[in-house]
$ cat my_file.cif   # mmCIF, C-alpha atoms
data_input
loop_
_atom_site.label_atom_id
_atom_site.label_comp_id
_atom_site.auth_asym_id
_atom_site.auth_seq_id
_atom_site.Cartn_x
_atom_site.Cartn_y
_atom_site.Cartn_z
CA MET A 9 46.34 -4.66 24.60
CA ALA A 10 43.63 -2.04 25.11
CA ARG A 11 40.10 -3.12 24.30
CA PRO A 12 38.70 -1.19 21.29
CA LYS A 13 35.90 1.26 21.96
CA PRO A 14 32.47 0.17 20.69
CA TRP A 15 32.29 3.18 18.35
CA GLU A 16 35.64 2.41 16.71
CA ILE A 17 35.35 0.91 13.21
CA ASP A 18 37.66 -1.98 12.43
CA ASP A 19 39.21 -2.42 9.00
CA GLU A 20 36.91 -5.30 7.99
CA LEU A 21 33.73 -3.30 8.62
CA TRP A 22 35.14 -0.20 6.94
CA ALA A 23 36.06 -2.28 3.87
CA LEU A 24 32.35 -3.15 3.55
CA ILE A 25 31.04 0.37 4.17
CA GLU A 26 33.48 2.56 2.22
CA PRO A 27 32.49 1.38 -1.31
CA LEU A 28 28.83 2.07 -0.50
CA LEU A 29 29.30 5.71 0.52
CA PRO A 30 28.50 8.33 -2.14
CA LYS A 31 31.56 10.13 -3.48
CA VAL A 32 31.62 13.90 -3.08
CA GLU A 33 34.02 15.76 -5.39
CA ARG A 34 35.48 19.11 -4.36
CA ARG A 35 34.79 21.98 -6.72
CA PRO A 36 38.08 23.19 -8.25
CA ASP A 37 36.91 26.82 -8.44
CA HIS A 38 35.51 27.03 -4.88
CA PRO A 39 36.92 24.04 -2.96
CA GLY A 40 36.13 25.44 0.49
CA ARG A 41 37.33 23.67 3.61
CA ARG A 42 38.66 20.15 3.28
CA ARG A 43 35.94 17.59 3.91
CA LEU A 44 36.32 15.68 7.17
CA ASP A 45 37.22 12.01 6.75
CA ASP A 46 34.12 9.80 6.38
CA ARG A 47 35.50 7.17 8.74
CA LYS A 48 35.97 9.71 11.51
CA VAL A 49 32.47 11.10 11.03
CA LEU A 50 30.96 7.61 11.09
CA GLN A 51 32.72 6.96 14.38
CA GLY A 52 31.11 10.13 15.71
CA ILE A 53 27.71 8.81 14.61
CA LEU A 54 28.42 5.51 16.36
CA PHE A 55 29.49 7.41 19.49
CA VAL A 56 26.05 9.04 19.59
CA LEU A 57 24.33 5.71 18.89
CA HIS A 58 26.18 3.81 21.62
CA THR A 59 26.23 6.43 24.38
CA GLY A 60 22.82 8.05 23.86
CA ILE A 61 24.33 11.53 23.94
CA GLN A 62 22.57 14.21 21.89
CA ARG A 63 24.50 15.26 18.80
CA GLU A 64 24.96 18.87 19.91
CA PHE A 65 26.97 17.64 22.91
CA LEU A 66 29.36 15.48 20.86
CA PRO A 67 32.88 15.99 22.37
CA GLN A 68 34.99 17.97 19.90
CA GLU A 69 38.27 16.73 21.37
CA LEU A 70 37.62 13.22 20.04
CA GLY A 71 38.06 14.44 16.46
CA PHE A 72 34.67 13.31 15.15
CA GLY A 73 33.70 16.74 13.85
CA SER A 74 30.65 18.68 14.95
CA GLY A 75 27.31 17.15 15.73
CA MET A 76 25.84 18.93 12.71
CA THR A 77 28.46 17.36 10.42
CA CYS A 78 27.56 13.90 11.73
CA TRP A 79 23.83 14.69 11.36
CA ARG A 80 24.24 15.75 7.71
CA ARG A 81 26.37 12.76 6.74
CA LEU A 82 23.92 10.36 8.40
CA ARG A 83 21.05 12.03 6.53
CA ASP A 84 22.86 11.85 3.17
CA TRP A 85 24.01 8.26 3.62
CA ASN A 86 20.55 7.13 4.63
CA GLN A 87 19.01 8.83 1.58
CA ALA A 88 21.59 7.06 -0.59
CA GLY A 89 20.47 3.67 0.78
CA VAL A 90 23.84 2.82 2.32
CA TRP A 91 22.46 0.96 5.34
CA GLN A 92 19.94 -1.06 3.33
CA ARG A 93 22.65 -2.25 0.94
CA LEU A 94 24.97 -3.05 3.83
CA GLN A 95 22.24 -5.14 5.46
CA GLU A 96 21.82 -7.13 2.23
CA ILE A 97 25.56 -7.80 2.07
CA LEU A 98 25.73 -8.96 5.68
CA LEU A 99 22.62 -11.12 5.38
CA ALA A 100 24.12 -12.76 2.30
CA LYS A 101 27.27 -13.59 4.25
CA LEU A 102 25.20 -15.15 7.03
CA ARG A 103 23.15 -17.18 4.56
CA GLY A 104 26.31 -18.35 2.80
CA ALA A 105 27.52 -19.66 6.17
CA ASP A 106 24.13 -21.37 6.75
CA GLN A 107 23.37 -19.07 9.70
CA LEU A 108 19.91 -17.90 8.59
CA ASP A 109 16.80 -19.90 9.44
CA PHE A 110 14.03 -19.09 6.96
CA SER A 111 11.91 -22.00 8.15
CA ARG A 112 10.28 -19.58 10.59
CA ALA A 113 10.30 -15.94 11.64
CA ALA A 114 8.82 -13.87 14.46
CA ILE A 115 7.40 -10.34 14.45
CA ASP A 116 6.76 -7.92 17.29
CA THR A 117 6.66 -4.23 18.20
CA SER A 118 8.33 -2.09 20.84
CA HIS A 119 7.29 1.40 21.94
CA VAL A 120 9.73 4.27 22.58
CA ARG A 121 8.98 7.75 23.87
CA ALA A 122 9.40 10.65 21.40
CA LEU A 123 10.37 13.67 23.46
CA ARG A 124 10.43 16.16 20.59
CA GLY A 125 7.44 14.94 18.60
CA GLY A 126 7.60 15.04 14.82
CA PRO A 127 6.50 12.80 11.94
CA LYS A 128 5.75 9.16 12.75
CA THR A 129 4.81 9.91 16.34
CA GLY A 130 1.45 9.61 18.05
CA PRO A 131 -0.26 9.38 21.43
CA SER A 132 0.94 6.18 23.02
CA PRO A 133 -1.75 3.80 24.32
CA VAL A 134 0.76 2.39 26.84
CA ASP A 135 2.30 5.67 28.10
CA ARG A 136 -0.66 7.89 29.08
CA ALA A 137 -1.05 9.27 25.55
CA ARG A 138 2.42 10.83 25.53
CA PRO A 139 4.05 11.22 22.10
CA GLY A 140 5.81 8.06 21.05
CA SER A 141 6.96 5.91 18.16
CA LYS A 142 7.03 2.18 17.50
CA HIS A 143 9.85 -0.04 16.31
CA HIS A 144 8.58 -2.98 14.24
CA LEU A 145 10.94 -5.94 13.87
CA ILE A 146 11.03 -9.29 12.08
CA CYS A 147 13.67 -11.84 13.09
CA ASP A 148 14.47 -15.21 11.58
CA GLY A 149 14.38 -18.44 13.60
CA ARG A 150 17.83 -17.72 15.06
CA GLY A 151 16.96 -14.18 16.14
CA THR A 152 18.79 -12.44 13.30
CA PRO A 153 17.01 -9.18 12.36
CA LEU A 154 15.68 -9.33 8.81
CA THR A 155 14.01 -5.91 8.65
CA VAL A 156 12.96 -3.12 10.98
CA SER A 157 10.71 -0.09 10.52
CA LEU A 158 9.41 2.99 12.34
CA THR A 159 5.81 4.20 12.79
CA GLY A 160 3.80 6.39 15.10
CA GLY A 161 3.07 5.18 18.60
CA ASN A 162 -0.68 5.01 17.93
CA ARG A 163 -0.45 2.78 14.84
CA ASN A 164 -2.00 -0.66 15.19
CA ASP A 165 0.65 -3.37 15.07
CA VAL A 166 -1.22 -5.49 12.56
CA THR A 167 -1.24 -2.72 9.92
CA GLN A 168 2.53 -3.12 9.57
CA LEU A 169 2.44 -6.89 9.19
CA VAL A 170 2.36 -7.11 5.39
CA PRO A 171 4.56 -4.04 4.69
CA LEU A 172 7.23 -5.44 6.97
CA LEU A 173 7.11 -8.85 5.29
CA ARG A 174 7.41 -7.20 1.87
CA ALA A 175 10.39 -5.17 3.13
CA ILE A 176 12.50 -8.28 3.82
CA PRO A 177 15.34 -8.07 1.27
CA ALA A 178 16.05 -10.84 -1.19
CA VAL A 179 18.99 -12.62 0.46
CA CYS A 180 21.61 -14.20 -1.77
CA GLY A 181 24.70 -16.05 -0.57
CA ARG A 182 23.89 -19.54 -1.82
CA ARG A 183 23.19 -21.19 -5.15
CA GLY A 184 19.65 -20.90 -6.39
CA ARG A 185 17.07 -18.20 -5.98
CA PRO A 186 17.46 -15.54 -3.27
CA ARG A 187 15.29 -16.09 -0.19
CA HIS A 188 13.06 -13.32 1.10
CA ARG A 189 10.12 -15.13 2.67
CA PRO A 190 10.06 -17.35 5.78
CA ARG A 191 7.89 -20.47 5.70
CA ARG A 192 6.04 -19.66 8.94
CA LEU A 193 5.48 -16.43 10.84
CA TYR A 194 4.89 -16.37 14.60
CA ALA A 195 3.10 -13.43 16.25
CA ASP A 196 1.21 -12.57 19.44
CA ARG A 197 -2.43 -11.55 19.89
CA GLY A 198 -1.78 -8.03 18.65
CA TYR A 199 -1.73 -9.46 15.12
CA ASP A 200 -4.90 -11.53 15.49
CA HIS A 201 -7.02 -10.65 12.46
CA ASP A 202 -8.33 -13.14 9.88
CA ARG A 203 -8.07 -10.58 7.07
CA TYR A 204 -4.33 -10.24 7.64
CA ARG A 205 -3.91 -13.98 8.01
CA ARG A 206 -5.24 -14.31 4.47
CA LYS A 207 -2.85 -11.61 3.26
CA VAL A 208 0.10 -13.42 4.82
CA ARG A 209 -0.95 -16.68 3.16
CA THR A 210 -1.05 -14.97 -0.25
CA LEU A 211 2.67 -14.27 0.24
CA GLY A 212 3.30 -18.00 0.63
CA ILE A 213 3.79 -17.78 4.41
CA THR A 214 1.91 -19.79 7.02
CA PRO A 215 0.74 -17.48 9.85
CA VAL A 216 0.94 -18.86 13.39
CA ILE A 217 -0.78 -16.15 15.43
CA ALA A 218 -2.25 -16.39 18.92
CA ARG A 219 -5.98 -15.68 19.15
CA ARG A 220 -7.62 -13.22 21.50
CA GLY A 221 -9.76 -14.64 24.27
CA GLN A 222 -7.78 -17.86 24.44
CA PRO A 223 -5.98 -18.79 27.67
CA HIS A 224 -2.26 -18.23 27.93
CA GLY A 225 0.07 -21.15 27.35
CA SER A 226 -0.34 -21.46 23.58
CA GLY A 227 3.29 -22.55 23.26
CA LEU A 228 4.17 -19.81 20.73
CA GLY A 229 6.70 -18.38 23.15
CA VAL A 230 9.00 -21.28 22.33
CA HIS A 231 9.51 -19.67 18.91
CA ARG A 232 8.65 -16.01 19.57
CA TRP A 233 11.33 -15.33 22.19
CA VAL A 234 13.92 -14.65 19.47
CA VAL A 235 12.25 -11.37 18.51
CA GLU A 236 12.33 -10.24 22.14
CA ARG A 237 16.06 -10.88 22.11
CA GLY A 238 16.24 -8.90 18.88
CA PHE A 239 14.70 -5.87 20.59
CA ALA A 240 17.12 -6.29 23.48
CA GLY A 241 19.94 -6.06 20.95
CA LEU A 242 18.52 -2.95 19.28
CA HIS A 243 17.81 -1.15 22.53
CA GLY A 244 21.25 -2.03 23.78
CA PHE A 245 22.16 1.05 21.75
CA ARG A 246 21.18 3.78 24.20
CA HIS A 247 20.21 6.31 21.55
CA LEU A 248 17.34 4.07 20.42
CA ARG A 249 15.69 3.80 23.84
CA ILE A 250 14.24 7.29 23.47
CA ARG A 251 13.53 9.08 20.19
CA TRP A 252 15.37 12.39 20.43
CA GLU A 253 15.07 13.41 16.76
CA HIS A 254 12.18 15.47 15.45
CA ARG A 255 12.84 14.15 11.94
CA ASP A 256 11.72 10.57 11.48
CA ASP A 257 14.28 9.79 8.75
CA ILE A 258 17.17 10.50 11.15
CA HIS A 259 15.81 8.19 13.84
CA ASP A 260 15.13 5.55 11.19
CA ALA A 261 18.74 5.94 9.97
CA PHE A 262 20.01 5.21 13.49
CA LEU A 263 17.66 2.22 13.63
CA GLN A 264 18.96 0.81 10.33
CA LEU A 265 22.58 1.44 11.32
CA ALA A 266 22.08 -0.42 14.60
CA THR A 267 20.65 -3.36 12.63
CA CYS A 268 23.79 -3.38 10.47
CA LEU A 269 26.01 -3.50 13.56
CA ILE A 270 24.07 -6.45 15.01
CA LEU A 271 24.41 -8.32 11.72
CA TYR A 272 28.12 -7.53 11.55
CA ARG A 273 28.65 -8.91 15.06
CA ARG A 274 27.09 -12.18 13.92
CA VAL A 275 29.32 -12.27 10.84
CA ARG A 276 32.41 -11.63 12.99
CA ALA A 277 31.37 -14.45 15.33
CA LEU A 278 31.78 -16.87 12.43
CA CYS A 279 35.51 -16.11 12.14
#

$ encode --input "my_file.cif" --output "structure tokens"
Amino acid sequence: MARPKPWEIDDELWALIEPLLPKVERRPDHPGRRRLDDRKVLQGILFVLHTGIQREFLPQELGFGSGMTCWRRLRDWNQAGVWQRLQEILLAKLRGADQLDFSRAAIDTSHVRALRGGPKTGPSPVDRARPGSKHHLICDGRGTPLTVSLTGGNRNDVTQLVPLLRAIPAVCGRRGRPRHRPRRLYADRGYDHDRYRRKVRTLGITPVIARRGQPHGSGLGVHRWVVERGFAGLHGFRHLRIRWEHRDDIHDAFLQLATCLILYRRVRALC
């Protein structure tokens, strides 16, 4: 039996995605060309995400439609909040199976080069001031991504600490109140600021952040390594290793979609 391609969508995943997609009715007076099947277009988007190819070079013989068709659908679905709702559904499934660890979480940032500039880019302090962007990620104690965001490459990591914590969705899946806050948050020296420690405590979270000027060997790496693995999972999608899009919402859409795929893999592993 041939191994399925990574951009092929199985029936279980499509059953989760299809109800979330906005319905587009054809006008009876001017119907125009028949709309390409959403499942095929999504596979074209996943082809770009997995291979790193630019959308204008999407192979037409694979039946995914044009790169512009994929670009427009991705834009519309992201504006409709499809990927955020899918993340909530998948996180709820993981929590229902007792696969989320809210006792602790880890936060970190990764820099990517932005070759075409655009919003949410800036001179990178780690890449000779070339234009770049940052991916900000929070993972639970098992390394499951809870939320991810995009900013300019020159933004200070600590400024995204509280917004990222507030962006964690309320996760259902079990009896009682939804969970959306970890008990402890682990971070490196880039987040060392007493003002932000106080802000984290006001959210009911205990900050465990390394301090500048202290020798290495704090022991936080025992808990923080999960977020490094989270970035390895995100950047396993080749299209996320370099920001090709001028528009920040398109790159963010790819980022959110990749998070959904990582969560779905973890749900499938439970079967």

$ closest_residue --input "my_file.cif" --among "A:Phe55, A:Glu33, A:Trp91, A:Gly104" --to "Gly184 (chain A)" --atoms "only C-alpha atoms"
A:Gly104

$ resolve_selection --input "my_file.cif" --expression "the PyMOL selection byres ((chain A and resi 242) around 8)" --output "PDB file with C-alpha atoms, in the frame of the given file"
ATOM      1  CA  GLY A 238      16.240  -8.900  18.880  1.00  0.00           C
ATOM      2  CA  PHE A 239      14.700  -5.870  20.590  1.00  0.00           C
ATOM      3  CA  ALA A 240      17.120  -6.290  23.480  1.00  0.00           C
ATOM      4  CA  GLY A 241      19.940  -6.060  20.950  1.00  0.00           C
ATOM      5  CA  HIS A 243      17.810  -1.150  22.530  1.00  0.00           C
ATOM      6  CA  GLY A 244      21.250  -2.030  23.780  1.00  0.00           C
ATOM      7  CA  PHE A 245      22.160   1.050  21.750  1.00  0.00           C
ATOM      8  CA  LEU A 248      17.340   4.070  20.420  1.00  0.00           C
ATOM      9  CA  LEU A 263      17.660   2.220  13.630  1.00  0.00           C
ATOM     10  CA  ALA A 266      22.080  -0.420  14.600  1.00  0.00           C
ATOM     11  CA  THR A 267      20.650  -3.360  12.630  1.00  0.00           C
ATOM     12  CA  ILE A 270      24.070  -6.450  15.010  1.00  0.00           C
TER      13      ILE A 270
END

$ atom_distance --input "my_file.cif" --atom1 "CA of Val32 (chain A)" --atom2 "CA of Leu82 (chain A)"
14.3 Å

$ residues_around --input "my_file.cif" --residues "Arg276 (chain A)" --least-positions-apart "3" --cutoff "12 Å" --atoms "all atoms listed in the file" --output "number ranges by chain"
A: 18, 20-21, 98, 101-102, 105, 269-273, 279

$ atom_distance --input "my_file.cif" --atom1 "CA of Gly181 (chain A)" --atom2 "CA of Arg103 (chain A)"
5.5 Å

$ closest_residue --input "my_file.cif" --among "A:Pro14, A:Gly221, A:Pro153, A:Gly198" --to "Leu169 (chain A)" --atoms "all atoms listed in the file"
A:Gly198

$ resolve_selection --input "my_file.cif" --expression "the PyMOL selection byres ((chain A and resi 129-131) around 9)" --output "PyMOL selection string"
chain A and resi 121-122+125-128+132-142+159-163+256

$ resolve_selection --input "my_file.cif" --expression "the PyMOL selection byres ((chain A and resi 235) around 10)" --output "PDB file with C-alpha atoms, in the coordinates of the input"
ATOM      1  CA  ALA A 113      10.300 -15.940  11.640  1.00  0.00           C
ATOM      2  CA  ALA A 114       8.820 -13.870  14.460  1.00  0.00           C
ATOM      3  CA  ILE A 115       7.400 -10.340  14.450  1.00  0.00           C
ATOM      4  CA  ASP A 116       6.760  -7.920  17.290  1.00  0.00           C
ATOM      5  CA  THR A 117       6.660  -4.230  18.200  1.00  0.00           C
ATOM      6  CA  LEU A 145      10.940  -5.940  13.870  1.00  0.00           C
ATOM      7  CA  ILE A 146      11.030  -9.290  12.080  1.00  0.00           C
ATOM      8  CA  CYS A 147      13.670 -11.840  13.090  1.00  0.00           C
ATOM      9  CA  ASP A 148      14.470 -15.210  11.580  1.00  0.00           C
ATOM     10  CA  GLY A 149      14.380 -18.440  13.600  1.00  0.00           C
ATOM     11  CA  ARG A 150      17.830 -17.720  15.060  1.00  0.00           C
ATOM     12  CA  GLY A 151      16.960 -14.180  16.140  1.00  0.00           C
ATOM     13  CA  THR A 152      18.790 -12.440  13.300  1.00  0.00           C
ATOM     14  CA  PRO A 153      17.010  -9.180  12.360  1.00  0.00           C
ATOM     15  CA  TYR A 194       4.890 -16.370  14.600  1.00  0.00           C
ATOM     16  CA  ALA A 195       3.100 -13.430  16.250  1.00  0.00           C
ATOM     17  CA  HIS A 231       9.510 -19.670  18.910  1.00  0.00           C
ATOM     18  CA  ARG A 232       8.650 -16.010  19.570  1.00  0.00           C
ATOM     19  CA  TRP A 233      11.330 -15.330  22.190  1.00  0.00           C
ATOM     20  CA  VAL A 234      13.920 -14.650  19.470  1.00  0.00           C
ATOM     21  CA  GLU A 236      12.330 -10.240  22.140  1.00  0.00           C
ATOM     22  CA  ARG A 237      16.060 -10.880  22.110  1.00  0.00           C
ATOM     23  CA  GLY A 238      16.240  -8.900  18.880  1.00  0.00           C
ATOM     24  CA  PHE A 239      14.700  -5.870  20.590  1.00  0.00           C
ATOM     25  CA  ALA A 240      17.120  -6.290  23.480  1.00  0.00           C
ATOM     26  CA  GLY A 241      19.940  -6.060  20.950  1.00  0.00           C
TER      27      GLY A 241
END

$ closest_residue --input "my_file.cif" --among "A:His144, A:Val170, A:Asp106, A:Trp252" --to "Arg182 (chain A)" --atoms "only C-alpha atoms"
A:Asp106

$ closest_residue --input "my_file.cif" --among "A:Val275, A:Pro67, A:Val216, A:Gly60" --to "Leu108 (chain A)" --atoms "all atoms listed in the file"
A:Val275

$ atom_distance --input "my_file.cif" --atom1 "CA of Asp45 (chain A)" --atom2 "CA of Gln264 (chain A)"
21.7 Å

$ residues_around --input "my_file.cif" --residues "region 207-211 of chain A" --least-positions-apart "4" --cutoff "8 Å" --atoms "all atoms listed in the file" --output "PDB file with C-alpha atoms, in the frame of the given file"
ATOM      1  CA  VAL A 170       2.360  -7.110   5.390  1.00  0.00           C
ATOM      2  CA  ARG A 189      10.120 -15.130   2.670  1.00  0.00           C
ATOM      3  CA  ARG A 203      -8.070 -10.580   7.070  1.00  0.00           C
ATOM      4  CA  PRO A 215       0.740 -17.480   9.850  1.00  0.00           C
TER       5      PRO A 215
END

$ closest_residue --input "my_file.cif" --among "A:Asp37, A:Arg112, A:Arg43, A:Gln51" --to "Trp22 (chain A)" --atoms "all atoms listed in the file"
A:Gln51

$ residues_around --input "my_file.cif" --residues "Glu253 (chain A)" --least-positions-apart "4" --cutoff "7 Å" --atoms "all atoms listed in the file" --output "list of chain:residue names"
A:Arg124, A:Ile258, A:His259

$ closest_residue --input "my_file.cif" --among "A:Arg274, A:Arg187, A:Arg81, A:Arg174" --to "Pro30 (chain A)" --atoms "all atoms listed in the file"
A:Arg81

$ residues_around --input "my_file.cif" --residues "Arg63 (chain A)" --least-positions-apart "5" --cutoff "8 Å" --atoms "all atoms listed in the file" --output "PyMOL selection string"
chain A and resi 56+75-76+78-79

$ build_atoms --input "my_file.cif" --residues "region 152-163 of chain A" --atoms "N, CA, C and O atoms" --output "compact mmCIF listing (two decimals), keeping the file's coordinate frame"
# COMPACT_ATOMS: atom_id res chain seq x y z
N THR A 152 18.09 -13.42 14.14
CA THR A 152 18.79 -12.44 13.30
C THR A 152 17.78 -11.46 12.72
O THR A 152 16.79 -11.88 12.11
N PRO A 153 17.98 -10.15 12.90
CA PRO A 153 17.01 -9.18 12.36
C PRO A 153 17.01 -9.18 10.84
O PRO A 153 18.06 -9.07 10.20
N LEU A 154 15.83 -9.33 10.26
CA LEU A 154 15.68 -9.33 8.81
C LEU A 154 15.27 -7.96 8.29
O LEU A 154 15.71 -7.53 7.24
N THR A 155 14.41 -7.26 9.03
CA THR A 155 14.01 -5.91 8.65
C THR A 155 13.39 -5.23 9.85
O THR A 155 12.84 -5.88 10.75
N VAL A 156 13.48 -3.91 9.88
CA VAL A 156 12.96 -3.12 10.98
C VAL A 156 12.39 -1.83 10.41
O VAL A 156 12.86 -1.33 9.38
N SER A 157 11.33 -1.31 11.02
CA SER A 157 10.71 -0.09 10.52
C SER A 157 10.23 0.76 11.68
O SER A 157 10.18 0.32 12.84
N LEU A 158 9.84 1.99 11.35
CA LEU A 158 9.41 2.99 12.34
C LEU A 158 8.04 3.51 11.99
O LEU A 158 7.77 3.84 10.83
N THR A 159 7.13 3.60 12.99
CA THR A 159 5.81 4.20 12.79
C THR A 159 5.45 5.02 14.03
O THR A 159 6.17 5.03 15.02
N GLY A 160 4.30 5.66 13.96
CA GLY A 160 3.80 6.39 15.10
C GLY A 160 3.38 5.47 16.22
O GLY A 160 3.02 4.31 16.00
N GLY A 161 3.38 6.00 17.44
CA GLY A 161 3.07 5.18 18.60
C GLY A 161 1.62 4.73 18.67
O GLY A 161 1.30 3.82 19.42
N ASN A 162 0.73 5.38 17.90
CA ASN A 162 -0.68 5.01 17.93
C ASN A 162 -1.08 4.11 16.77
O ASN A 162 -2.27 3.82 16.60
N ARG A 163 -0.13 3.68 15.95
CA ARG A 163 -0.45 2.78 14.84
C ARG A 163 -0.69 1.37 15.36
O ARG A 163 0.06 0.87 16.20
